[in-house]
Amino acid sequence: MSSEFISAAPHAGGDRPAVQIDGVSKSFSGTVALEPVWLKIRRGEFLTLLGPSGCGKTTLLNLIAGFLEADGGELFIDGDLVTQVPPHQREIGIVFQNYALFPHMTVAQNVAYGLRTRKVAKAEIAQRVREALELVKLEDFADRRPRQLSGGQQQRVALARALVIRPRVLLLDEPFSALDRNLRTAMQVELKEIQSRIGLTTVFVTHDQGEALSMSDRIAVMSRGRIRQIGTPSEIYDSPQSHFVSTFVGDANLFSAELVDRAAADVTLDVGGTRLPLSTFQDELPEAGPVTLVVRPELCRLTAADTPGAIPAKVALSVYQGSYAELHLDCPAAEEGRVMLRVPAGEALAAGTAVGIALPDRGPAIYAREEQAA
Ligand SMILES: Nc1ncnc2c1ncn2[C@@H]1O[C@H](COP(=O)(O)OP(=O)(O)OP(=O)(O)O)[C@@H](O)[C@H]1O
Ligand SMILES: [Mg+2]
């Protein structure tokens, strides 16, 4: 393994954020793609933009890269104002889903491209290309053409090509979405390893919540052109601050409930006639009245049907998943009439079995009904 990348001096800029986005917004012919966004990305941080299709992830990435001009706001990289700086002068590495390699060039020539356009000396180019290919474990493939590589290898060349310029920030837009599941997992591990080893500030776009949870230092969850919540993966998963975030990130069971009593963080709910005392992590709670109770599957416990305090349900379907089974339950108290739990594969129950669902007294979240539209 080469030492050059690892020991590369951090870019100048002291404690300033690697990227600072101050009120940057973008509309396309009157339609808002991105509401004004404020965001500071720390040096060396792996930040993921996560959200459904059309929420503005690529737009935000393109604004950072300089491929789009912001309607308003300012953008700083390492403390330098770059709002008006063209993309090639921003010192950013980019890997897009369809950022095709040059087919007529070898792997080494593809990787060298950014250094040649920057007029780097020949000997240094050779050295840095070698290091970049070592970093992505493709040192033996330097003379191949892209069509002689697998999809995963091609994406690694694209990554090497982005890394070789020693970018101040690496931007990746769904880089692994065309790869099959095993390769995708392998690439995730590889990218995360390289990224943390060289301490490279990275902005990663995905709509895959599993990918976001496993790779990120922080996740910015977006919907409809806004950042809805930003935090560590466990903050996002364990303490979602809105109905949207709780259901977009991670599996969630939704129950119709009535908030009947509340003292500070302690509330009492009525879930389909069952009284449930609950202690919540939420800063803001809805007023008394109809609410949605959001509970992760792993917090729901299967009990005998007649257990006091348990929510009545009936097994509708058991889906074998290898190491575990998903039990889909018909549950009148659930918002869509269904609840999903995971049980060890050997403990799956036959369809029609009456069961109870014991809900935990801490962990779930409560949102006012009308928030569901957000
Ligand atoms: N060049 C464009 N002209 C007009 N509208 C655009 C343009 N680019 C994006 N949009 C619109 O802006 C919104 C945000 O698009 P964007 O590509 O940022 O979404 P995204 O979050 O990356 O989605 P996906 O996950 O599908 O890639 C969408 O409604 C999209 O239709
Ligand atoms: Mg996109």
# chains A, B, ... in the order shown; residues from 1 in each chain; ligands from 1

call {"tool": "residues_around", "arguments": {"residues": "A:Ala333", "least_positions_apart": "4", "cutoff": "8 Å", "atoms": "only C-alpha atoms", "output": "list in words"}}
result
Phe255, Ser256, Ala257, Val271, Gly272, Ile311 and Gly337 of chain A

call {"tool": "residues_around", "arguments": {"residues": "A:Pro277", "least_positions_apart": "3", "cutoff": "8 Å", "atoms": "only C-alpha atoms", "output": "number ranges by chain"}}
result
A: 266-269, 361

call {"tool": "select_by_dssp", "arguments": {"residues": "stretch 26-258 of chain A", "states": "strand (DSSP E or B)", "output": "number ranges by chain"}}
result
A: 26-28, 31-41, 46-50, 72-77, 80-81, 92-96, 169-173, 202-206, 218-223, 226-231, 253-258

call {"tool": "residues_around", "arguments": {"residues": "A:Val82", "least_positions_apart": "4", "cutoff": "12 Å", "atoms": "only C-alpha atoms", "output": "number ranges by chain"}}
result
A: 19-22, 63-66, 69-70, 73-78, 86-92

call {"tool": "residues_near_ligand", "arguments": {"ligand": "ligand 1", "cutoff": "12 Å", "atoms": "only C-alpha atoms and all ligand atoms", "output": "ChimeraX atom specification"}}
result
/A:25-35,49-63,67-69,96-98,172-175,177,204-208,221-227

call {"tool": "write_last_selection", "arguments": {"atoms": "N, CA and C atoms", "output": "short mmCIF file (atom, residue, chain, number, x, y, z; two decimals), in the first residue's frame"}}
result
data_model
loop_
_atom_site.label_atom_id
_atom_site.label_comp_id
_atom_site.auth_asym_id
_atom_site.auth_seq_id
_atom_site.Cartn_x
_atom_site.Cartn_y
_atom_site.Cartn_z
N SER A 25 -30.03 27.57 -2.99
CA SER A 25 -31.32 27.07 -3.47
C SER A 25 -31.30 26.94 -4.99
N LYS A 26 -32.27 26.17 -5.51
CA LYS A 26 -32.33 25.99 -6.97
C LYS A 26 -33.74 25.67 -7.43
N SER A 27 -34.17 26.40 -8.45
CA SER A 27 -35.45 26.09 -9.12
C SER A 27 -35.18 25.83 -10.58
N PHE A 28 -36.02 25.01 -11.19
CA PHE A 28 -35.96 24.80 -12.64
C PHE A 28 -37.25 25.33 -13.23
N SER A 29 -37.15 26.31 -14.08
CA SER A 29 -38.30 26.98 -14.69
C SER A 29 -39.49 27.09 -13.72
N GLY A 30 -39.20 27.72 -12.58
CA GLY A 30 -40.26 28.02 -11.62
C GLY A 30 -40.57 26.90 -10.64
N THR A 31 -40.09 25.68 -10.91
CA THR A 31 -40.35 24.58 -9.97
C THR A 31 -39.17 24.44 -9.01
N VAL A 32 -39.48 24.46 -7.72
CA VAL A 32 -38.41 24.40 -6.73
C VAL A 32 -37.84 22.99 -6.64
N ALA A 33 -36.56 22.83 -6.94
CA ALA A 33 -35.90 21.52 -6.77
C ALA A 33 -35.22 21.47 -5.40
N LEU A 34 -34.74 22.62 -4.94
CA LEU A 34 -34.05 22.68 -3.65
C LEU A 34 -34.42 23.99 -2.95
N GLU A 35 -35.04 23.86 -1.79
CA GLU A 35 -35.31 25.03 -0.94
C GLU A 35 -33.96 25.49 -0.40
N LEU A 49 -26.49 12.06 1.65
CA LEU A 49 -27.77 12.67 1.35
C LEU A 49 -28.72 11.53 1.01
N LEU A 50 -29.74 11.36 1.84
CA LEU A 50 -30.66 10.23 1.67
C LEU A 50 -32.07 10.78 1.48
N GLY A 51 -32.77 10.25 0.50
CA GLY A 51 -34.15 10.69 0.31
C GLY A 51 -34.76 10.05 -0.90
N PRO A 52 -36.10 10.14 -1.02
CA PRO A 52 -36.77 9.50 -2.14
C PRO A 52 -36.44 10.17 -3.48
N SER A 53 -36.78 9.49 -4.54
CA SER A 53 -36.52 10.01 -5.88
C SER A 53 -37.14 11.39 -6.05
N GLY A 54 -36.36 12.31 -6.61
CA GLY A 54 -36.87 13.64 -6.91
C GLY A 54 -36.80 14.62 -5.76
N CYS A 55 -36.17 14.23 -4.61
CA CYS A 55 -36.17 15.13 -3.44
C CYS A 55 -35.07 16.19 -3.52
N GLY A 56 -34.18 16.10 -4.51
CA GLY A 56 -33.18 17.16 -4.68
C GLY A 56 -31.75 16.76 -4.36
N LYS A 57 -31.48 15.47 -4.21
CA LYS A 57 -30.14 15.01 -3.83
C LYS A 57 -29.11 15.36 -4.91
N THR A 58 -29.42 14.95 -6.16
CA THR A 58 -28.47 15.20 -7.24
C THR A 58 -28.32 16.70 -7.48
N THR A 59 -29.42 17.42 -7.33
CA THR A 59 -29.36 18.87 -7.50
C THR A 59 -28.36 19.47 -6.51
N LEU A 60 -28.44 19.06 -5.25
CA LEU A 60 -27.52 19.59 -4.24
C LEU A 60 -26.08 19.20 -4.55
N LEU A 61 -25.88 17.97 -4.99
CA LEU A 61 -24.53 17.51 -5.34
C LEU A 61 -23.97 18.32 -6.53
N ASN A 62 -24.83 18.55 -7.52
CA ASN A 62 -24.40 19.32 -8.69
C ASN A 62 -24.09 20.77 -8.35
N LEU A 63 -24.77 21.29 -7.34
CA LEU A 63 -24.48 22.66 -6.89
C LEU A 63 -23.11 22.70 -6.20
N PHE A 67 -21.70 22.15 -11.29
CA PHE A 67 -22.35 21.84 -12.57
C PHE A 67 -23.66 22.60 -12.72
N LEU A 68 -24.19 23.06 -11.60
CA LEU A 68 -25.39 23.90 -11.62
C LEU A 68 -25.06 25.20 -10.92
N GLU A 69 -25.71 26.27 -11.39
CA GLU A 69 -25.52 27.56 -10.74
C GLU A 69 -26.66 27.77 -9.75
N PHE A 96 -20.13 9.53 -10.54
CA PHE A 96 -21.56 9.45 -10.76
C PHE A 96 -21.92 8.06 -11.24
N GLN A 97 -23.20 7.76 -11.14
CA GLN A 97 -23.70 6.44 -11.53
C GLN A 97 -23.30 6.12 -12.97
N ASN A 98 -23.47 7.09 -13.85
CA ASN A 98 -23.18 6.84 -15.26
C ASN A 98 -22.02 7.68 -15.76
N LEU A 172 -20.15 11.48 -4.57
CA LEU A 172 -20.57 10.23 -5.21
C LEU A 172 -22.09 10.21 -5.32
N ASP A 173 -22.59 10.01 -6.53
CA ASP A 173 -24.04 9.98 -6.74
C ASP A 173 -24.48 8.57 -7.12
N GLU A 174 -25.05 7.84 -6.18
CA GLU A 174 -25.52 6.47 -6.39
C GLU A 174 -24.49 5.65 -7.18
N PRO A 175 -23.24 5.61 -6.71
CA PRO A 175 -22.18 5.00 -7.53
C PRO A 175 -22.32 3.50 -7.71
N SER A 177 -25.35 1.71 -7.75
CA SER A 177 -26.72 1.25 -7.97
C SER A 177 -26.83 0.27 -9.14
N PHE A 204 -22.08 11.56 -0.20
CA PHE A 204 -22.54 10.35 -0.87
C PHE A 204 -24.05 10.44 -1.02
N VAL A 205 -24.54 10.22 -2.23
CA VAL A 205 -25.99 10.29 -2.46
C VAL A 205 -26.55 8.89 -2.64
N THR A 206 -27.63 8.62 -1.94
CA THR A 206 -28.30 7.34 -2.15
C THR A 206 -29.77 7.46 -1.77
N HIS A 207 -30.60 6.57 -2.32
CA HIS A 207 -31.95 6.48 -1.79
C HIS A 207 -32.13 5.16 -1.05
N ASP A 208 -30.99 4.48 -0.82
CA ASP A 208 -30.99 3.18 -0.14
C ASP A 208 -30.64 3.41 1.33
N VAL A 221 -31.34 13.55 5.85
CA VAL A 221 -32.52 12.97 5.22
C VAL A 221 -33.29 14.09 4.52
N MET A 222 -33.54 13.90 3.25
CA MET A 222 -34.19 14.95 2.46
C MET A 222 -35.55 14.50 1.98
N SER A 223 -36.47 15.47 1.85
CA SER A 223 -37.69 15.23 1.10
C SER A 223 -38.16 16.56 0.53
N ARG A 224 -38.67 16.50 -0.65
CA ARG A 224 -39.22 17.69 -1.31
C ARG A 224 -38.32 18.92 -1.23
N GLY A 225 -37.06 18.73 -1.57
CA GLY A 225 -36.15 19.86 -1.65
C GLY A 225 -35.68 20.42 -0.32
N ARG A 226 -35.94 19.70 0.77
CA ARG A 226 -35.52 20.17 2.09
C ARG A 226 -34.75 19.09 2.81
N ILE A 227 -33.83 19.53 3.70
CA ILE A 227 -33.23 18.58 4.65
C ILE A 227 -34.16 18.49 5.83
#

call {"tool": "atom_distance", "arguments": {"atom1": "atom CA of A:Val355", "atom2": "atom CA of A:Pro312"}}
result
6.2 Å

call {"tool": "atom_distance", "arguments": {"atom1": "atom CA of A:Gly93", "atom2": "atom CA of A:Lys192"}}
result
15.5 Å

call {"tool": "closest_residue", "arguments": {"among": "A:Ala368, A:Val343, A:Ala351, A:Leu47", "to": "A:Met215", "atoms": "only C-alpha atoms"}}
result
A:Leu47

call {"tool": "residues_around", "arguments": {"residues": "A:Ile125", "least_positions_apart": "4", "cutoff": "7 Å", "atoms": "only C-alpha atoms", "output": "PyMOL selection string"}}
result
chain A and resi 112+115+120-121+129

call {"tool": "write_last_selection", "arguments": {"atoms": "all heavy atoms", "output": "PDB file, in the first residue's frame"}}
result
ATOM      1  N   ALA A 112      -5.194   8.778 -15.361  1.00  0.00           N
ATOM      2  CA  ALA A 112      -4.238   9.878 -15.527  1.00  0.00           C
ATOM      3  C   ALA A 112      -4.878  11.148 -16.077  1.00  0.00           C
ATOM      4  O   ALA A 112      -4.307  12.239 -15.965  1.00  0.00           O
ATOM      5  CB  ALA A 112      -3.111   9.429 -16.468  1.00  0.00           C
ATOM      6  N   LEU A 115      -4.937  14.445 -14.259  1.00  0.00           N
ATOM      7  CA  LEU A 115      -3.608  14.983 -13.965  1.00  0.00           C
ATOM      8  C   LEU A 115      -3.008  15.588 -15.228  1.00  0.00           C
ATOM      9  O   LEU A 115      -2.316  16.611 -15.182  1.00  0.00           O
ATOM     10  CB  LEU A 115      -2.703  13.877 -13.417  1.00  0.00           C
ATOM     11  CG  LEU A 115      -3.166  13.260 -12.091  1.00  0.00           C
ATOM     12  CD1 LEU A 115      -2.242  12.117 -11.672  1.00  0.00           C
ATOM     13  CD2 LEU A 115      -3.234  14.323 -10.998  1.00  0.00           C
ATOM     14  N   VAL A 120       0.332  18.129 -14.843  1.00  0.00           N
ATOM     15  CA  VAL A 120       1.261  17.544 -13.870  1.00  0.00           C
ATOM     16  C   VAL A 120       2.396  16.852 -14.642  1.00  0.00           C
ATOM     17  O   VAL A 120       2.170  16.303 -15.731  1.00  0.00           O
ATOM     18  CB  VAL A 120       0.513  16.534 -12.969  1.00  0.00           C
ATOM     19  CG1 VAL A 120       1.465  15.817 -12.022  1.00  0.00           C
ATOM     20  CG2 VAL A 120      -0.593  17.244 -12.187  1.00  0.00           C
ATOM     21  N   ALA A 121       3.609  16.887 -14.101  1.00  0.00           N
ATOM     22  CA  ALA A 121       4.764  16.288 -14.774  1.00  0.00           C
ATOM     23  C   ALA A 121       4.582  14.785 -14.959  1.00  0.00           C
ATOM     24  O   ALA A 121       3.970  14.125 -14.108  1.00  0.00           O
ATOM     25  CB  ALA A 121       6.032  16.552 -13.961  1.00  0.00           C
ATOM     26  N   VAL A 129      -0.784   7.668 -10.502  1.00  0.00           N
ATOM     27  CA  VAL A 129      -1.727   6.720 -11.092  1.00  0.00           C
ATOM     28  C   VAL A 129      -1.518   5.343 -10.461  1.00  0.00           C
ATOM     29  O   VAL A 129      -2.470   4.653 -10.105  1.00  0.00           O
ATOM     30  CB  VAL A 129      -1.568   6.651 -12.628  1.00  0.00           C
ATOM     31  CG1 VAL A 129      -2.305   5.440 -13.207  1.00  0.00           C
ATOM     32  CG2 VAL A 129      -2.068   7.938 -13.268  1.00  0.00           C
TER      33      VAL A 129
END

call {"tool": "atom_distance", "arguments": {"atom1": "atom CA of A:Arg118", "atom2": "atom CA of A:Thr106"}}
result
18.9 Å

call {"tool": "residues_around", "arguments": {"residues": "stretch 237-246 of chain A", "least_positions_apart": "5", "cutoff": "9 Å", "atoms": "only C-alpha atoms", "output": "JSON, numbers by chain"}}
result
{"A": [213, 221, 222, 223, 228, 229, 232, 251, 252, 281, 282, 283, 284, 292, 294, 295, 296, 363, 364, 365, 366, 367, 368, 369, 371, 372, 373, 374]}

call {"tool": "write_last_selection", "arguments": {"atoms": "C-alpha atoms", "output": "PDB file, in the first residue's frame"}}
result
ATOM      1  CA  LEU A 213     -27.000   3.672   7.739  1.00  0.00           C
ATOM      2  CA  VAL A 221     -32.522  12.967   5.216  1.00  0.00           C
ATOM      3  CA  MET A 222     -34.187  14.953   2.464  1.00  0.00           C
ATOM      4  CA  SER A 223     -37.695  15.227   1.098  1.00  0.00           C
ATOM      5  CA  ARG A 228     -35.678  17.131   7.147  1.00  0.00           C
ATOM      6  CA  GLN A 229     -33.165  15.866   9.704  1.00  0.00           C
ATOM      7  CA  THR A 232     -25.587  10.190  13.009  1.00  0.00           C
ATOM      8  CA  ASP A 251     -38.845  -0.537   8.908  1.00  0.00           C
ATOM      9  CA  ALA A 252     -41.659   0.826  11.005  1.00  0.00           C
ATOM     10  CA  PHE A 281     -37.176  10.731  23.331  1.00  0.00           C
ATOM     11  CA  GLN A 282     -38.982  13.407  21.354  1.00  0.00           C
ATOM     12  CA  ASP A 283     -38.355  17.087  21.954  1.00  0.00           C
ATOM     13  CA  GLU A 284     -41.754  17.989  20.632  1.00  0.00           C
ATOM     14  CA  THR A 292     -49.591   7.771  15.004  1.00  0.00           C
ATOM     15  CA  VAL A 294     -44.275   4.391  15.174  1.00  0.00           C
ATOM     16  CA  VAL A 295     -42.499   1.269  16.492  1.00  0.00           C
ATOM     17  CA  ARG A 296     -39.487  -0.510  14.991  1.00  0.00           C
ATOM     18  CA  GLY A 363     -38.252   3.802  22.015  1.00  0.00           C
ATOM     19  CA  PRO A 364     -41.346   4.360  19.900  1.00  0.00           C
ATOM     20  CA  ALA A 365     -42.199   7.760  18.481  1.00  0.00           C
ATOM     21  CA  ILE A 366     -45.490   9.615  18.393  1.00  0.00           C
ATOM     22  CA  TYR A 367     -46.527  12.006  15.656  1.00  0.00           C
ATOM     23  CA  ALA A 368     -49.672  14.008  15.123  1.00  0.00           C
ATOM     24  CA  ARG A 369     -51.821  12.435  12.430  1.00  0.00           C
ATOM     25  CA  GLU A 371     -47.836  15.120   9.857  1.00  0.00           C
ATOM     26  CA  GLN A 372     -48.199  12.022   7.728  1.00  0.00           C
ATOM     27  CA  ALA A 373     -48.762  14.120   4.646  1.00  0.00           C
ATOM     28  CA  ALA A 374     -45.249  15.629   4.887  1.00  0.00           C
TER      29      ALA A 374
END

call {"tool": "residues_around", "arguments": {"residues": "A:Pro233", "least_positions_apart": "5", "cutoff": "7 Å", "atoms": "only C-alpha atoms", "output": "number ranges by chain"}}
result
A: 213, 216, 218-219

call {"tool": "select_by_dssp", "arguments": {"residues": "stretch 158-282 of chain A", "states": "alpha helix (DSSP H)", "output": "PyMOL selection string"}}
result
chain A and resi 158-163+181-198+209-215+233-238+243-248

call {"tool": "residues_around", "arguments": {"residues": "A:His104", "least_positions_apart": "6", "cutoff": "12 Å", "atoms": "only C-alpha atoms", "output": "PDB file with C-alpha atoms, in the first residue's frame"}}
result
ATOM      1  CA  ASN A 110      -8.364   7.033 -17.723  1.00  0.00           C
ATOM      2  CA  ASP A 143      -3.255  -1.683 -19.378  1.00  0.00           C
ATOM      3  CA  ARG A 144      -6.772  -3.001 -19.866  1.00  0.00           C
ATOM      4  CA  ARG A 145      -9.563  -1.133 -21.622  1.00  0.00           C
ATOM      5  CA  PRO A 146     -12.816  -0.460 -19.722  1.00  0.00           C
ATOM      6  CA  ARG A 147     -14.763  -3.031 -21.775  1.00  0.00           C
ATOM      7  CA  GLN A 148     -12.376  -5.720 -20.482  1.00  0.00           C
TER       8      GLN A 148
END

call {"tool": "decode", "arguments": {"residues": "stretch 307-329 of chain A", "atoms": "N, CA, C and O atoms", "output": "PDB file, in the first residue's frame"}}
result
ATOM      1  N   THR A 307     -52.246 -12.216  26.641  1.00  0.00           N
ATOM      2  CA  THR A 307     -51.362 -11.492  27.563  1.00  0.00           C
ATOM      3  C   THR A 307     -51.937 -10.098  27.850  1.00  0.00           C
ATOM      4  O   THR A 307     -52.247  -9.361  26.922  1.00  0.00           O
ATOM      5  N   PRO A 308     -52.088  -9.756  29.136  1.00  0.00           N
ATOM      6  CA  PRO A 308     -52.629  -8.428  29.455  1.00  0.00           C
ATOM      7  C   PRO A 308     -51.745  -7.313  28.869  1.00  0.00           C
ATOM      8  O   PRO A 308     -50.522  -7.409  28.937  1.00  0.00           O
ATOM      9  N   GLY A 309     -52.350  -6.309  28.307  1.00  0.00           N
ATOM     10  CA  GLY A 309     -51.604  -5.158  27.769  1.00  0.00           C
ATOM     11  C   GLY A 309     -51.086  -5.366  26.353  1.00  0.00           C
ATOM     12  O   GLY A 309     -50.532  -4.448  25.751  1.00  0.00           O
ATOM     13  N   ALA A 310     -51.244  -6.576  25.808  1.00  0.00           N
ATOM     14  CA  ALA A 310     -50.747  -6.828  24.451  1.00  0.00           C
ATOM     15  C   ALA A 310     -51.814  -6.449  23.422  1.00  0.00           C
ATOM     16  O   ALA A 310     -53.013  -6.543  23.691  1.00  0.00           O
ATOM     17  N   ILE A 311     -51.365  -6.030  22.248  1.00  0.00           N
ATOM     18  CA  ILE A 311     -52.275  -5.641  21.171  1.00  0.00           C
ATOM     19  C   ILE A 311     -52.667  -6.910  20.402  1.00  0.00           C
ATOM     20  O   ILE A 311     -51.787  -7.642  19.948  1.00  0.00           O
ATOM     21  N   PRO A 312     -53.953  -7.184  20.240  1.00  0.00           N
ATOM     22  CA  PRO A 312     -54.362  -8.417  19.552  1.00  0.00           C
ATOM     23  C   PRO A 312     -54.036  -8.387  18.050  1.00  0.00           C
ATOM     24  O   PRO A 312     -54.187  -7.344  17.407  1.00  0.00           O
ATOM     25  N   ALA A 313     -53.592  -9.533  17.555  1.00  0.00           N
ATOM     26  CA  ALA A 313     -53.271  -9.649  16.126  1.00  0.00           C
ATOM     27  C   ALA A 313     -53.390 -11.114  15.720  1.00  0.00           C
ATOM     28  O   ALA A 313     -53.566 -11.997  16.562  1.00  0.00           O
ATOM     29  N   LYS A 314     -53.305 -11.329  14.408  1.00  0.00           N
ATOM     30  CA  LYS A 314     -53.420 -12.692  13.896  1.00  0.00           C
ATOM     31  C   LYS A 314     -52.395 -12.870  12.775  1.00  0.00           C
ATOM     32  O   LYS A 314     -52.217 -11.962  11.947  1.00  0.00           O
ATOM     33  N   VAL A 315     -51.708 -14.013  12.770  1.00  0.00           N
ATOM     34  CA  VAL A 315     -50.687 -14.237  11.736  1.00  0.00           C
ATOM     35  C   VAL A 315     -51.350 -14.336  10.368  1.00  0.00           C
ATOM     36  O   VAL A 315     -52.291 -15.116  10.175  1.00  0.00           O
ATOM     37  N   ALA A 316     -50.892 -13.511   9.421  1.00  0.00           N
ATOM     38  CA  ALA A 316     -51.421 -13.564   8.061  1.00  0.00           C
ATOM     39  C   ALA A 316     -50.477 -14.357   7.157  1.00  0.00           C
ATOM     40  O   ALA A 316     -50.905 -15.131   6.321  1.00  0.00           O
ATOM     41  N   LEU A 317     -49.186 -14.155   7.367  1.00  0.00           N
ATOM     42  CA  LEU A 317     -48.211 -14.748   6.463  1.00  0.00           C
ATOM     43  C   LEU A 317     -46.861 -14.809   7.156  1.00  0.00           C
ATOM     44  O   LEU A 317     -46.481 -13.895   7.883  1.00  0.00           O
ATOM     45  N   SER A 318     -46.140 -15.885   6.902  1.00  0.00           N
ATOM     46  CA  SER A 318     -44.784 -15.991   7.426  1.00  0.00           C
ATOM     47  C   SER A 318     -43.844 -16.102   6.225  1.00  0.00           C
ATOM     48  O   SER A 318     -44.025 -16.962   5.375  1.00  0.00           O
ATOM     49  N   VAL A 319     -42.866 -15.221   6.153  1.00  0.00           N
ATOM     50  CA  VAL A 319     -41.967 -15.200   4.991  1.00  0.00           C
ATOM     51  C   VAL A 319     -40.576 -15.623   5.432  1.00  0.00           C
ATOM     52  O   VAL A 319     -39.920 -14.931   6.218  1.00  0.00           O
ATOM     53  N   TYR A 320     -40.121 -16.731   4.907  1.00  0.00           N
ATOM     54  CA  TYR A 320     -38.811 -17.277   5.259  1.00  0.00           C
ATOM     55  C   TYR A 320     -37.711 -16.406   4.664  1.00  0.00           C
ATOM     56  O   TYR A 320     -37.738 -16.061   3.481  1.00  0.00           O
ATOM     57  N   GLN A 321     -36.739 -16.009   5.491  1.00  0.00           N
ATOM     58  CA  GLN A 321     -35.665 -15.130   4.999  1.00  0.00           C
ATOM     59  C   GLN A 321     -34.285 -15.718   5.298  1.00  0.00           C
ATOM     60  O   GLN A 321     -33.300 -14.976   5.340  1.00  0.00           O
ATOM     61  N   GLY A 322     -34.210 -16.998   5.504  1.00  0.00           N
ATOM     62  CA  GLY A 322     -32.903 -17.597   5.794  1.00  0.00           C
ATOM     63  C   GLY A 322     -32.679 -17.662   7.287  1.00  0.00           C
ATOM     64  O   GLY A 322     -33.129 -18.592   7.960  1.00  0.00           O
ATOM     65  N   SER A 323     -31.996 -16.653   7.837  1.00  0.00           N
ATOM     66  CA  SER A 323     -31.677 -16.698   9.269  1.00  0.00           C
ATOM     67  C   SER A 323     -32.870 -16.298  10.134  1.00  0.00           C
ATOM     68  O   SER A 323     -32.864 -16.503  11.339  1.00  0.00           O
ATOM     69  N   TYR A 324     -33.861 -15.685   9.551  1.00  0.00           N
ATOM     70  CA  TYR A 324     -35.042 -15.296  10.324  1.00  0.00           C
ATOM     71  C   TYR A 324     -36.276 -15.408   9.428  1.00  0.00           C
ATOM     72  O   TYR A 324     -36.162 -15.664   8.225  1.00  0.00           O
ATOM     73  N   ALA A 325     -37.439 -15.238  10.060  1.00  0.00           N
ATOM     74  CA  ALA A 325     -38.676 -15.197   9.285  1.00  0.00           C
ATOM     75  C   ALA A 325     -39.384 -13.881   9.572  1.00  0.00           C
ATOM     76  O   ALA A 325     -39.316 -13.366  10.692  1.00  0.00           O
ATOM     77  N   GLU A 326     -40.008 -13.336   8.570  1.00  0.00           N
ATOM     78  CA  GLU A 326     -40.836 -12.146   8.763  1.00  0.00           C
ATOM     79  C   GLU A 326     -42.255 -12.613   8.994  1.00  0.00           C
ATOM     80  O   GLU A 326     -42.820 -13.334   8.169  1.00  0.00           O
ATOM     81  N   LEU A 327     -42.811 -12.200  10.124  1.00  0.00           N
ATOM     82  CA  LEU A 327     -44.205 -12.515  10.405  1.00  0.00           C
ATOM     83  C   LEU A 327     -45.036 -11.288  10.070  1.00  0.00           C
ATOM     84  O   LEU A 327     -44.830 -10.221  10.646  1.00  0.00           O
ATOM     85  N   HIS A 328     -45.957 -11.445   9.130  1.00  0.00           N
ATOM     86  CA  HIS A 328     -46.876 -10.352   8.807  1.00  0.00           C
ATOM     87  C   HIS A 328     -48.174 -10.632   9.525  1.00  0.00           C
ATOM     88  O   HIS A 328     -48.762 -11.695   9.361  1.00  0.00           O
ATOM     89  N   LEU A 329     -48.576  -9.676  10.372  1.00  0.00           N
ATOM     90  CA  LEU A 329     -49.737  -9.895  11.224  1.00  0.00           C
ATOM     91  C   LEU A 329     -50.873  -8.968  10.808  1.00  0.00           C
ATOM     92  O   LEU A 329     -50.643  -7.798  10.504  1.00  0.00           O
TER      93      LEU A 329
END
